[in-house]
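Below: one structure, written as structure tokens.
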Amino acid sequence: MNRTLRTRALLFFGLALFVGLAASLAWAAGDVEKGRKIFMGTGEDLDYPSCAHCHATVSAKDELEKTKQIRPAFPVFNTAHRGAWKNKKKGKLKTAGDAGNICVKAFQKRKKGLTAIEVEHLNAFLASVSPGKDAKQRKIKYAPKLPKSLDGGDKKKGQKIVAQMCIVCHGPSDDHLQSELKPGRRSKMKVAMKVRGWIRDKKTKKLKFKANNGQMGFIAENRLSDAQLLDVLAYLGK
Ligand code: HEC
Ligand code: HEC
């Protein structure tokens with residue numbers, strides 16, 4: 001090899017190495033816009049609830065005022081800094097995107113979950129809605145208990161809650177995920193069980209908590225208090 005050829009070969013390999021490194025860095029960093037698409041995605045034909053159906057991206061304090069709705073799960077605002085995502089089976093999770101991937105399988109019923117690259121995109125998006133570095137860690141509340149009595153709620157308040165919270169998914173128009181909830185169609189017990197994530201075991205006939213029953217997930221007391229649940233039951237139940 002003469003000298004110019006060798007220099008060219010070296011240059012070429014140098015460039016190839018640089019491009020490869022840059023590409024893998026970009027890959028590792030994830031893409032905010034691609035992550036946003038994953039966050040907003042509902043499948044081709046409203047096949048499953050999007051992350052946005054269940055999680056606001058503004059703080060819990062601002063959620064109602066800024067979005068006019070309250071979602072069934074806690075906002076992902078600042079979640080990239082919380083760092084305490086856990087799963088019963090998987091134990092401690094590395095990133096918020098990994099926690100999101102649990103939701104993909106549990107609630108969106110996409111068994112394979114996201115690819116590693118998609119998790120990176122999601123992490124980039126979640127970081128973009130996490131401005132505070134000192135966000136407090138938050139314990140996720142599983143298996144919210146059913147209230148001892150299902151009576152005593154306030155119908156009017158219940159109607160308002162249904163119009164703020166349940167309507168995120170249950171509504172009259174075609175772009176709602178699920179049909180509108182009308183009063184007097186279901187027993188209070190049925191509504192309460194669905195909201196808190198309880199089902200009746202077919203064999204033992206006992207109640208058991210099942211976080212991933214259906215696509216609705218469960219609504220914990222830090223999103224809908226027991227008193228508010230009773231209001232919902234007074235309005236919807238028969
Ligand atoms: C059907 C509702 C539902 C959908 C859809 C859903 N989640 Fe969740 N998610 C929950 C519930 C319920 C929890 C645990 C309870 C809570 O919020 O405290 C949770 C927990 C989380 C957590 C950990 C807790 C935290 O606040 O840091 C993250 C992160 C998360 N979800 C992200 C996502 C992402 C990203 C998607 C979309 C890929 C998604 N979720 C889709 C309901 C949902
Ligand atoms: C994240 C979207 C979402 C939200 C928010 C939501 N639901 Fe649902 N709900 C669904 C979906 C999807 C189904 C049907 C699939 C399933 O069983 O999970 C359903 C089913 C139900 C059912 C059982 C089926 C039926 O029609 O009898 C009840 C009861 C119910 N929801 C009540 C509520 C109430 C009450 C609220 C508000 C406090 C609420 N839901 C909020 C998505 C949601």
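Here's how to read the names in the structure tokens: chain A, B, ... by the order shown, residue numbers from 1 in each chain, ligand numbers from 1 in the order shown.
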
**Message:** Env of range 175-188 of chain A: 12 Å cut, atoms = only C-alpha atoms, seq-sep filter 5 positions within chain, self excluded. Answer as a ChimeraX atom specification.
**Reply:** /A:42-43,45-50,53-54,108,146-147,149-153,155-156,158-159,161-163,165-170,193-195,215-216,229-238

**Request:** Please return as an NGL selection string: the residues of range 49-193 of chain A that backbone DSSP assigns to strand (DSSP E or B).
**Result:** :A and (86-87 or 91-92 or 170 or 178 or 186)

**Message:** So that I can see what lies close to range 109-118 of chain A, please list as a ChimeraX atom specification the residues with an atom at most 9 Å from it, counting only C-alpha atoms and leaving out residues fewer than 2 positions away in the same chain.
**Reply:** /A:27-28,30,34-35,38,48,97,101-107,120-123,212,214-215

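Counting only C-alpha atoms and all ligand atoms, the residue from A:Ser128, A:Asn222, A:Gln228, A:Asn78 that sits nearest to ligand 2 is A:Gln228.
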
**Request:** Enumerate the residues of range 94-231 of chain A with a DSSP assignment of alpha helix (DSSP H), computed from the backbone, and present them as a ChimeraX atom specification.
**Result:** /A:96-106,116-128,155-164,188-196,226-231

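Coordinates place CA of Gly197 in chain A at a distance of 9.4 Å from atom 18 (O, counted along the ligand's line) of ligand 2.
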
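Minimum distance to ligand 1 across A:Leu207, A:Val191, A:Ala80, A:Ala96 (counting only C-alpha atoms and all ligand atoms) occurs at A:Ala96.
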
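Nearest to ligand 2 of all the residues A:Arg82, A:Cys51, A:Glu65, A:Lys205 is A:Cys51, counting only C-alpha atoms and all ligand atoms.
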
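In this model, the gap between atom 17 (O, counted along the ligand's line) of ligand 1 and CA of Ile219 in chain A comes to 8.1 Å.
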
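Between ligand 2 and the candidates A:Arg138, A:Lys145, A:Lys37, A:Arg71, the tightest atom-to-atom separation, counting only C-alpha atoms and all ligand atoms, involves A:Arg71.
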
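CA of Gln137 in chain A to CA of Ala52 in chain A spans 21.1 Å [interatomic distance, one decimal].
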
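Proximity ranking of A:Lys190, A:Lys66, A:Lys90, A:Lys136 relative to ligand 1 places A:Lys136 first, based on only C-alpha atoms and all ligand atoms.
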